[in-house]
Amino acid sequence: MSSALGIQPAKLVDRLKDELKKLEELKPPAWSKFVKSGRHRSRPPQQEDFWYIRAASILRQLYRHPIGTQRLRTYYGGRKDRGHKPPKSYKASGKIIRTILQQLEKAGLAEKDKKGRKLTSKGRSFVDKVAKEVK
């Protein structure tokens with residue numbers, strides 16, 4: 001059986017995005033078109049399916065190991081250009097990540113754990129099925 005870890009992340013996330021669009025529990029909220037994805041960004045995301053791309057990426061991270069919101073904020077954060085001052089690192093938006101994790105829980109793909117969130121057996125088989133299609 002093929003594992004999701006042996007596939008290029010970009011290909012897996014792209015295919016997972018298409019499969020997540022079919023789930024009715026995972027819909028972007030109305031405010032998601034207007035908010036920045038982090039303090040380090042200057043504008044909101046320009047991609048139409050940003051919500052699904054971020055959800056697919058989070059699902060892949062959960063496949064690797066249990067992870068919490070704060071670690072994901074650090075992972076999706078970045079450098080902010082502050083003009084003449086030296087650049088500084090900032091975390092990503094916690095609201096976006098938390099909402100996606102709650103939606104994944106509602107869909108039955110993730111569950112709470114001591115270390116944050118982890119994939120359920122349904123979530124693991126979902127990612128494995130998509131990985132098998134990609135390979």
# chains A, B, ... in the order shown; residues from 1 in each chain; ligands from 1
call {"tool": "residues_around", "arguments": {"residues": "range 73-83 of chain A", "least_positions_apart": "5", "cutoff": "6 Å", "atoms": "only C-alpha atoms", "output": "list in words"}}
result
His40, Lys88, Ser89, Tyr90, Lys91 and Ala92 of chain A
call {"tool": "select_by_dssp", "arguments": {"residues": "range 17-108 of chain A", "states": "alpha helix (DSSP H)", "output": "mmCIF file with C-alpha atoms, in the first residue's frame"}}
result
data_model
loop_
_atom_site.group_PDB
_atom_site.id
_atom_site.type_symbol
_atom_site.label_atom_id
_atom_site.label_comp_id
_atom_site.auth_asym_id
_atom_site.auth_seq_id
_atom_site.Cartn_x
_atom_site.Cartn_y
_atom_site.Cartn_z
ATOM 1 C CA LYS A 17 -7.996 19.932 -2.172
ATOM 2 C CA ASP A 18 -10.249 18.557 -4.902
ATOM 3 C CA GLU A 19 -11.553 15.804 -2.620
ATOM 4 C CA LEU A 20 -12.166 18.207 0.294
ATOM 5 C CA PHE A 50 -7.317 29.122 -0.563
ATOM 6 C CA TRP A 51 -9.487 27.622 2.178
ATOM 7 C CA TYR A 52 -9.351 24.142 0.642
ATOM 8 C CA ILE A 53 -5.604 24.361 -0.068
ATOM 9 C CA ARG A 54 -4.904 25.302 3.559
ATOM 10 C CA ALA A 55 -7.253 22.543 4.798
ATOM 11 C CA ALA A 56 -5.504 19.961 2.595
ATOM 12 C CA SER A 57 -2.122 21.102 3.854
ATOM 13 C CA ILE A 58 -3.279 20.889 7.476
ATOM 14 C CA LEU A 59 -4.669 17.411 6.786
ATOM 15 C CA ARG A 60 -1.248 16.372 5.460
ATOM 16 C CA GLN A 61 0.431 17.790 8.576
ATOM 17 C CA LEU A 62 -1.971 15.808 10.762
ATOM 18 C CA TYR A 63 -1.119 12.693 8.772
ATOM 19 C CA ARG A 64 2.535 13.126 9.689
ATOM 20 C CA THR A 69 -2.810 25.202 16.578
ATOM 21 C CA GLN A 70 0.252 27.050 17.852
ATOM 22 C CA ARG A 71 2.684 24.809 15.957
ATOM 23 C CA LEU A 72 0.602 25.208 12.809
ATOM 24 C CA ARG A 73 0.610 28.994 13.285
ATOM 25 C CA THR A 74 4.403 28.893 13.382
ATOM 26 C CA TYR A 75 4.567 26.576 10.351
ATOM 27 C CA TYR A 76 2.355 28.830 8.191
ATOM 28 C CA GLY A 94 -4.960 31.263 14.452
ATOM 29 C CA LYS A 95 -8.638 31.792 13.617
ATOM 30 C CA ILE A 96 -8.258 30.323 10.117
ATOM 31 C CA ILE A 97 -6.339 27.282 11.364
ATOM 32 C CA ARG A 98 -8.679 26.703 14.326
ATOM 33 C CA THR A 99 -11.794 26.950 12.140
ATOM 34 C CA ILE A 100 -10.385 24.484 9.607
ATOM 35 C CA LEU A 101 -9.488 22.046 12.408
ATOM 36 C CA GLN A 102 -13.032 22.331 13.810
ATOM 37 C CA GLN A 103 -14.486 21.670 10.357
ATOM 38 C CA LEU A 104 -12.231 18.624 9.927
ATOM 39 C CA GLU A 105 -13.467 17.365 13.312
ATOM 40 C CA LYS A 106 -17.072 17.858 12.254
#
call {"tool": "residues_around", "arguments": {"residues": "range 117-130 of chain A", "least_positions_apart": "5", "cutoff": "7 Å", "atoms": "only C-alpha atoms", "output": "list of chain:residue names"}}
result
A:Ser3, A:Ala4, A:Arg15, A:Leu16, A:Leu62, A:Tyr63, A:His65, A:Pro66, A:Ile67, A:Gly68, A:Gly108, A:Leu109, A:Ala110, A:Glu111, A:Lys112
call {"tool": "atom_distance", "arguments": {"atom1": "CA of Asp49 in chain A", "atom2": "CA of Pro9 in chain A"}}
result
17.2 Å
call {"tool": "residues_around", "arguments": {"residues": "Val134 in chain A", "least_positions_apart": "5", "cutoff": "8 Å", "atoms": "only C-alpha atoms", "output": "PyMOL selection string"}}
result
chain A and resi 7+11-12+15
call {"tool": "select_by_dssp", "arguments": {"residues": "range 48-112 of chain A", "states": "strand (DSSP E)", "output": "VMD selection string"}}
result
chain A and resid 78 to 80 88 to 90 110 to 112
